[in-house]
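J.: If it helps, the file is called protein_8.tsv and holds TSV, C-alpha atoms:
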```
chain	number	residue	atom	x	y	z
A	6	MET	CA	-51.17	-52.17	-111.62
A	7	LEU	CA	-48.97	-54.50	-113.64
A	8	LEU	CA	-51.67	-57.16	-113.77
A	9	ALA	CA	-54.10	-54.67	-115.27
A	10	VAL	CA	-51.49	-53.43	-117.73
A	11	THR	CA	-50.73	-56.94	-118.92
A	12	GLY	CA	-54.40	-57.72	-119.42
A	13	GLU	CA	-54.86	-60.05	-116.47
A	14	TYR	CA	-58.05	-58.31	-115.50
A	15	HIS	CA	-59.56	-61.03	-113.38
A	16	ARG	CA	-56.49	-61.43	-111.18
A	17	ALA	CA	-56.10	-57.68	-110.99
A	18	GLY	CA	-59.72	-57.34	-109.95
A	19	VAL	CA	-59.34	-59.94	-107.21
A	20	VAL	CA	-56.31	-58.12	-105.82
A	21	CYS	CA	-58.03	-54.74	-106.08
A	22	ASP	CA	-61.14	-56.03	-104.32
A	23	SER	CA	-59.08	-57.40	-101.46
A	24	ILE	CA	-57.58	-54.04	-100.52
A	25	VAL	CA	-60.59	-52.38	-98.90
A	26	PRO	CA	-61.54	-55.51	-96.87
A	27	PHE	CA	-57.90	-55.69	-95.71
A	28	ILE	CA	-58.00	-52.07	-94.55
A	29	SER	CA	-61.33	-52.68	-92.86
A	30	ASN	CA	-59.93	-55.75	-91.11
A	31	ILE	CA	-56.78	-54.18	-89.72
A	32	THR	CA	-58.64	-51.09	-88.56
A	33	GLY	CA	-61.30	-52.99	-86.66
A	34	GLY	CA	-64.02	-52.59	-89.25
A	35	VAL	CA	-63.72	-49.06	-90.55
A	36	ASN	CA	-66.34	-48.11	-93.14
A	37	ALA	CA	-64.53	-47.43	-96.42
A	38	ASP	CA	-67.32	-45.11	-97.56
A	39	ASP	CA	-66.69	-42.92	-94.54
A	40	ILE	CA	-63.66	-43.63	-92.43
A	41	ARG	CA	-65.17	-41.81	-89.46
A	42	LEU	CA	-67.63	-44.70	-89.14
A	43	TYR	CA	-67.28	-48.26	-87.93
A	44	SER	CA	-70.44	-49.70	-89.37
A	45	ASP	CA	-71.58	-50.66	-92.84
A	46	ASP	CA	-74.81	-48.76	-92.50
A	47	GLY	CA	-74.21	-46.31	-95.31
A	48	ASN	CA	-76.95	-43.82	-95.95
A	49	THR	CA	-79.46	-45.93	-97.76
A	50	ALA	CA	-82.46	-44.74	-95.72
A	51	ALA	CA	-82.01	-41.22	-97.05
A	52	ILE	CA	-81.53	-42.53	-100.59
A	53	ASP	CA	-84.64	-44.72	-100.33
A	54	GLY	CA	-86.68	-41.81	-99.03
A	55	TYR	CA	-85.52	-39.42	-101.73
A	56	LEU	CA	-85.92	-41.83	-104.64
A	57	ASN	CA	-89.45	-42.71	-103.52
A	58	ILE	CA	-90.71	-39.12	-103.50
A	59	PRO	CA	-93.43	-39.08	-106.23
A	60	ALA	CA	-92.04	-35.92	-107.87
A	61	VAL	CA	-88.55	-37.39	-107.99
A	62	ARG	CA	-89.83	-40.67	-109.40
A	63	LYS	CA	-91.74	-38.78	-112.08
A	64	ALA	CA	-88.73	-36.61	-112.92
A	65	ILE	CA	-86.46	-39.60	-113.52
A	66	GLY	CA	-89.14	-41.62	-115.28
A	67	ALA	CA	-89.21	-44.43	-112.70
A	68	ASP	CA	-91.80	-47.18	-113.00
A	69	THR	CA	-94.42	-46.37	-110.37
A	70	ARG	CA	-95.30	-50.05	-109.87
A	71	TYR	CA	-92.13	-50.57	-107.88
A	72	VAL	CA	-90.82	-49.15	-104.64
A	73	TYR	CA	-87.15	-48.28	-104.72
A	74	THR	CA	-84.91	-49.90	-102.12
A	75	ALA	CA	-81.15	-49.46	-102.11
A	76	CYS	CA	-79.10	-52.67	-102.21
A	77	ASN	CA	-82.26	-54.74	-102.64
A	78	ARG	CA	-81.66	-58.30	-101.53
A	79	THR	CA	-84.05	-59.88	-104.04
A	80	VAL	CA	-82.35	-58.09	-106.89
A	81	ARG	CA	-78.98	-59.07	-105.50
A	82	LEU	CA	-79.88	-62.75	-105.38
A	83	ALA	CA	-81.62	-62.82	-108.77
B	23	MET	CA	-73.87	-48.71	-112.31
B	24	HIS	CA	-72.60	-48.44	-108.82
B	25	ARG	CA	-70.85	-51.76	-108.45
B	26	HIS	CA	-70.05	-51.42	-104.78
B	27	HIS	CA	-73.68	-51.66	-103.71
B	28	HIS	CA	-74.77	-54.69	-105.71
B	29	HIS	CA	-72.54	-57.53	-104.78
B	30	GLN	CA	-73.73	-60.21	-107.22
B	31	VAL	CA	-73.87	-57.76	-110.11
B	32	GLY	CA	-70.51	-56.51	-108.97
B	33	ILE	CA	-68.94	-59.94	-109.21
B	34	LEU	CA	-70.10	-60.23	-112.81
B	35	PHE	CA	-68.50	-56.87	-113.57
B	36	GLN	CA	-65.32	-57.59	-111.65
B	37	ASP	CA	-63.16	-58.27	-114.67
B	38	ASP	CA	-64.39	-55.11	-116.38
B	39	GLU	CA	-64.00	-52.83	-113.42
B	40	ILE	CA	-60.25	-53.02	-113.43
B	41	ARG	CA	-60.04	-51.88	-117.04
B	42	SER	CA	-59.35	-48.20	-117.34
B	43	GLU	CA	-62.02	-46.11	-119.02
B	44	LYS	CA	-59.95	-42.99	-118.65
B	45	HIS	CA	-59.89	-42.54	-122.42
B	46	LEU	CA	-63.65	-41.94	-122.42
B	47	LEU	CA	-63.33	-38.69	-120.50
B	48	PRO	CA	-61.62	-36.40	-123.09
B	49	PRO	CA	-64.38	-36.80	-125.73
B	50	LEU	CA	-66.95	-36.00	-123.05
B	51	LEU	CA	-64.98	-32.99	-121.83
B	52	ALA	CA	-64.85	-31.73	-125.40
B	53	LYS	CA	-68.65	-31.53	-125.50
B	54	TYR	CA	-69.85	-31.09	-121.93
B	55	LYS	CA	-68.84	-29.37	-118.75
B	56	MET	CA	-68.02	-31.95	-116.13
B	57	LEU	CA	-67.95	-31.99	-112.33
B	58	LEU	CA	-66.05	-34.65	-110.42
B	59	TYR	CA	-66.14	-34.57	-106.65
B	60	SER	CA	-64.68	-36.56	-103.80
B	61	GLY	CA	-65.67	-36.78	-100.17
B	62	GLN	CA	-62.76	-36.20	-97.82
B	63	PHE	CA	-63.43	-39.35	-95.75
B	64	ASP	CA	-64.15	-41.71	-98.64
B	65	ILE	CA	-61.45	-44.30	-99.28
B	66	ASN	CA	-63.57	-46.49	-101.57
B	67	VAL	CA	-63.21	-43.92	-104.33
B	68	GLY	CA	-60.57	-41.84	-102.63
B	69	ALA	CA	-59.62	-38.30	-103.57
B	70	PRO	CA	-55.94	-39.16	-104.27
B	71	GLY	CA	-56.96	-41.58	-107.02
B	72	THR	CA	-59.30	-39.08	-108.64
B	73	GLU	CA	-56.64	-36.37	-108.42
B	74	LEU	CA	-54.04	-38.67	-110.00
B	75	LEU	CA	-56.46	-39.43	-112.82
B	76	LEU	CA	-57.16	-35.75	-113.48
B	77	ASN	CA	-53.51	-34.73	-113.26
B	78	THR	CA	-52.58	-37.24	-115.98
B	79	LEU	CA	-55.63	-37.05	-118.22
B	80	ALA	CA	-54.73	-36.66	-121.89
B	81	TRP	CA	-56.96	-33.81	-123.02
B	82	PRO	CA	-56.29	-30.30	-124.42
B	83	GLY	CA	-56.99	-28.71	-121.02
B	84	LEU	CA	-54.44	-30.76	-119.08
B	85	GLU	CA	-51.84	-28.02	-118.64
B	86	ASP	CA	-54.51	-25.45	-117.78
B	87	TYR	CA	-55.90	-27.83	-115.19
B	88	ARG	CA	-52.52	-28.71	-113.70
B	89	SER	CA	-51.51	-25.06	-113.39
B	90	ALA	CA	-54.91	-23.89	-112.13
B	91	LYS	CA	-54.86	-22.61	-108.57
B	92	ARG	CA	-56.58	-24.75	-105.99
B	93	GLN	CA	-59.39	-22.56	-104.74
B	94	ILE	CA	-60.62	-22.40	-101.18
B	95	TRP	CA	-64.37	-22.97	-101.31
B	96	ARG	CA	-66.60	-21.23	-98.82
B	97	VAL	CA	-70.38	-21.29	-98.84
B	98	ARG	CA	-71.49	-17.79	-99.77
B	99	LEU	CA	-74.90	-16.99	-98.48
B	100	THR	CA	-76.06	-14.48	-101.07
B	101	GLU	CA	-75.10	-16.53	-104.13
B	102	SER	CA	-76.46	-19.77	-102.75
B	103	GLN	CA	-79.72	-18.17	-101.69
B	104	HIS	CA	-80.08	-16.57	-105.07
B	105	CYS	CA	-79.53	-19.92	-106.79
B	106	ILE	CA	-82.09	-21.76	-104.69
B	107	SER	CA	-84.69	-19.02	-104.61
B	108	GLY	CA	-86.71	-20.75	-107.30
B	109	ALA	CA	-86.48	-24.18	-105.78
B	110	ARG	CA	-89.46	-25.84	-104.16
B	111	SER	CA	-87.41	-26.63	-101.08
B	112	HIS	CA	-86.29	-23.02	-100.81
B	113	ARG	CA	-86.82	-22.60	-97.08
B	114	VAL	CA	-85.09	-25.80	-96.05
B	115	ALA	CA	-82.24	-25.17	-98.46
B	116	SER	CA	-81.80	-21.64	-97.16
B	117	LEU	CA	-81.56	-22.90	-93.61
B	118	VAL	CA	-78.88	-25.46	-94.30
B	119	VAL	CA	-76.87	-23.03	-96.39
B	120	GLU	CA	-77.08	-20.41	-93.65
B	121	GLN	CA	-75.58	-22.85	-91.18
B	122	LEU	CA	-72.44	-23.16	-93.27
B	123	ALA	CA	-72.14	-19.60	-94.55
B	124	GLY	CA	-68.52	-18.48	-94.48
B	125	ASP	CA	-67.07	-21.86	-93.51
B	126	VAL	CA	-64.41	-23.53	-95.63
B	127	VAL	CA	-66.33	-26.50	-96.99
B	128	GLY	CA	-63.85	-27.75	-99.56
B	129	TYR	CA	-61.39	-27.02	-102.34
B	130	ALA	CA	-61.89	-26.75	-106.08
B	131	LYS	CA	-59.82	-26.78	-109.25
B	132	GLN	CA	-61.26	-25.62	-112.53
B	133	ALA	CA	-60.00	-25.46	-116.10
B	134	ARG	CA	-62.06	-25.16	-119.24
B	135	SER	CA	-64.92	-27.66	-119.01
B	136	LEU	CA	-63.53	-29.53	-116.01
B	137	THR	CA	-64.30	-28.89	-112.35
B	138	TYR	CA	-62.93	-31.00	-109.51
B	139	VAL	CA	-64.10	-30.51	-105.94
B	140	LEU	CA	-62.89	-32.03	-102.69
B	141	VAL	CA	-65.72	-31.84	-100.17
B	142	ASN	CA	-64.63	-31.41	-96.56
B	143	GLY	CA	-66.25	-33.59	-93.94
B	144	ALA	CA	-67.97	-35.79	-96.50
B	145	GLY	CA	-67.98	-39.54	-97.02
B	146	HIS	CA	-68.68	-41.40	-100.26
B	147	MET	CA	-72.30	-40.25	-100.23
B	148	VAL	CA	-71.52	-36.54	-100.35
B	149	PRO	CA	-75.11	-35.22	-100.46
B	150	ALA	CA	-76.02	-37.44	-97.49
B	151	THR	CA	-73.08	-36.47	-95.29
B	152	GLN	CA	-72.72	-32.81	-96.30
B	153	PRO	CA	-76.06	-31.79	-97.86
B	154	ALA	CA	-75.53	-28.03	-97.65
B	155	SER	CA	-72.09	-28.27	-99.26
B	156	ALA	CA	-73.46	-30.55	-101.95
B	157	LEU	CA	-76.27	-28.13	-102.70
B	158	ASP	CA	-73.87	-25.19	-102.94
B	159	MET	CA	-71.49	-27.21	-105.12
B	160	ILE	CA	-74.19	-28.24	-107.57
B	161	ASN	CA	-75.62	-24.72	-107.68
B	162	ARG	CA	-72.22	-23.25	-108.50
B	163	PHE	CA	-71.55	-25.86	-111.16
B	164	ILE	CA	-74.92	-25.49	-112.87
B	165	ASN	CA	-74.87	-21.69	-112.74
B	166	ASN	CA	-71.21	-21.31	-113.76
B	167	LEU	CA	-70.29	-19.56	-110.52
B	168	PRO	CA	-66.68	-19.64	-109.26
B	169	PHE	CA	-65.76	-21.60	-106.14
B	170	SER	CA	-63.34	-19.00	-104.81
```
The structure in this file should be written as structure tokens.
T.:
Amino acid sequence: MLLAVTGEYHRAGVVCDSIVPFISNITGGVNADDIRLYSDDGNTAAIDGYLNIPAVRKAIGADTRYVYTACNRTVRLA
Amino acid sequence: MHRHHHHQVGILFQDDEIRSEKHLLPPLLAKYKMLLYSGQFDINVGAPGTELLLNTLAWPGLEDYRSAKRQIWRVRLTESQHCISGARSHRVASLVVEQLAGDVVGYAKQARSLTYVLVNGAGHMVPATQPASALDMINRFINNLPFS
């Protein structure tokens, strides 16, 4: 907290981002999005399915040339 | 922007993420009604942090919010069915709501334009882990129905 208050945002961010991995590590890999789970699966299949429904895509004005995929690797590496 | 799910983008935003944007909420609350919700089993954006934020938010409704009673939220069949009767997915929605009818599915605090909901049995992706609760929550919020 003090790092953020004193404007050291980068250092504060590094510390903040180390907390969840630490918890995951000492708990044997608990999923921080849902502590009942021990995998990093998430629920992206349901999100992909929903966001690719034509009516949903139309409602949110999505570009129909592209298929939506959560956490897309190509986008991530771009 | 959901930083957690896009690692490379997230790294670029890392220095910004730690900066508080708490001050942006009061102007929004002055104009719009707002729903914040937390899944009970989410520690990435955990309920205690959200509750601390809301209990210290500098806006005219702070005292009303702090003194508001925490309401026990149960899915009520008649209200939820009424709300979803016009929806295309009416049948499916009715079925999932029926399964939870009467159960305690969470807790809510409301004051003025602010609604906070803790969703029982949910992870970070509330609609994915508790779809019926999420549907009931959104219906209540949109239709200005109480959670108690």
J.: Excluding region 15-21 of chain A and residues on its chain fewer than 2 positions from it, collect all residues at most 9 Å away from it, counting all atoms listed in the file, and give them as a PyMOL selection string.
T.: (chain A and resi 6-9+12-13+23-25) or (chain B and resi 36-41)
J.: Given all atoms listed in the file as the basis, pick out the residue of B:Ser135, B:Asn66, B:Thr151, B:Ser42 nearest to Ala37 (chain A).
T.: B:Asn66
J.: How far is it from CA of Ile28 (chain A) to CA of Val148 (chain B), in Å with one decimal?
T.: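 A separation of 21.4 Å between them.
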J.: Would you kindly return, as a list in words, each protein, DNA or RNA residue with an atom no farther than 9 Å from any atom of region 57-64 of chain A, considering all atoms listed in the file and excluding same-chain residues fewer than 5 positions away?
T.: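 The contact residues come out as Ile52, Thr69, Val72, Tyr73 and Thr74 of chain A.
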J.: Those same residues - C-alpha atoms - I'd like them written as a CSV table (one decimal), in the frame of the given file.
T.:
```
chain,number,residue,atom,x,y,z
A,52,ILE,CA,-81.5,-42.5,-100.6
A,69,THR,CA,-94.4,-46.4,-110.4
A,72,VAL,CA,-90.8,-49.2,-104.6
A,73,TYR,CA,-87.2,-48.3,-104.7
A,74,THR,CA,-84.9,-49.9,-102.1
```
J.: Just give me the gap between CA of Trp95 (chain B) and CA of Gly143 (chain B) in Å, one decimal is fine.
T.: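 If I compute the distance from CA of Trp95 (chain B) to CA of Gly143 (chain B), I get 13.1 Å.
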J.: Could you state the separation of CA of Leu42 (chain A) and CA of Ser60 (chain B) in Å, given to one decimal place?
T.: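 Result for CA of Leu42 (chain A) versus CA of Ser60 (chain B): 17.0 Å, one decimal.
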J.: At most 12 Å from (-63.0, -41.5, -88.4), file frame, all atoms listed in the file: which residues, as an NGL selection string?
T.: (:A and (32-44)) or (:B and (62-65 or 143-145))
J.: In file coordinates, which residues lie within 12 Å of (-82.4, -41.4, -97.1) using only C-alpha atoms, given as a count of residues only?
T.: 21
J.: Taking only C-alpha atoms into account, name the residue in B:Gln93, B:Ser170, B:Asn142, B:Asn77 that is nearest to chain A.
T.: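 Smallest distance to chain A is found for B:Asn142.
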J.: With distances taken over all atoms listed in the file, which residue among B:Leu57, B:Ile160, B:Tyr87, B:Val67 lies nearest chain A?
T.: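 Using all atoms listed in the file, chain A sits closest to B:Val67.
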J.: Find the residue from B:Lys44, B:Val97, B:Leu34, B:Asp86 that sits nearest to Thr72 (chain B); use only C-alpha atoms when measuring.
T.: B:Lys44
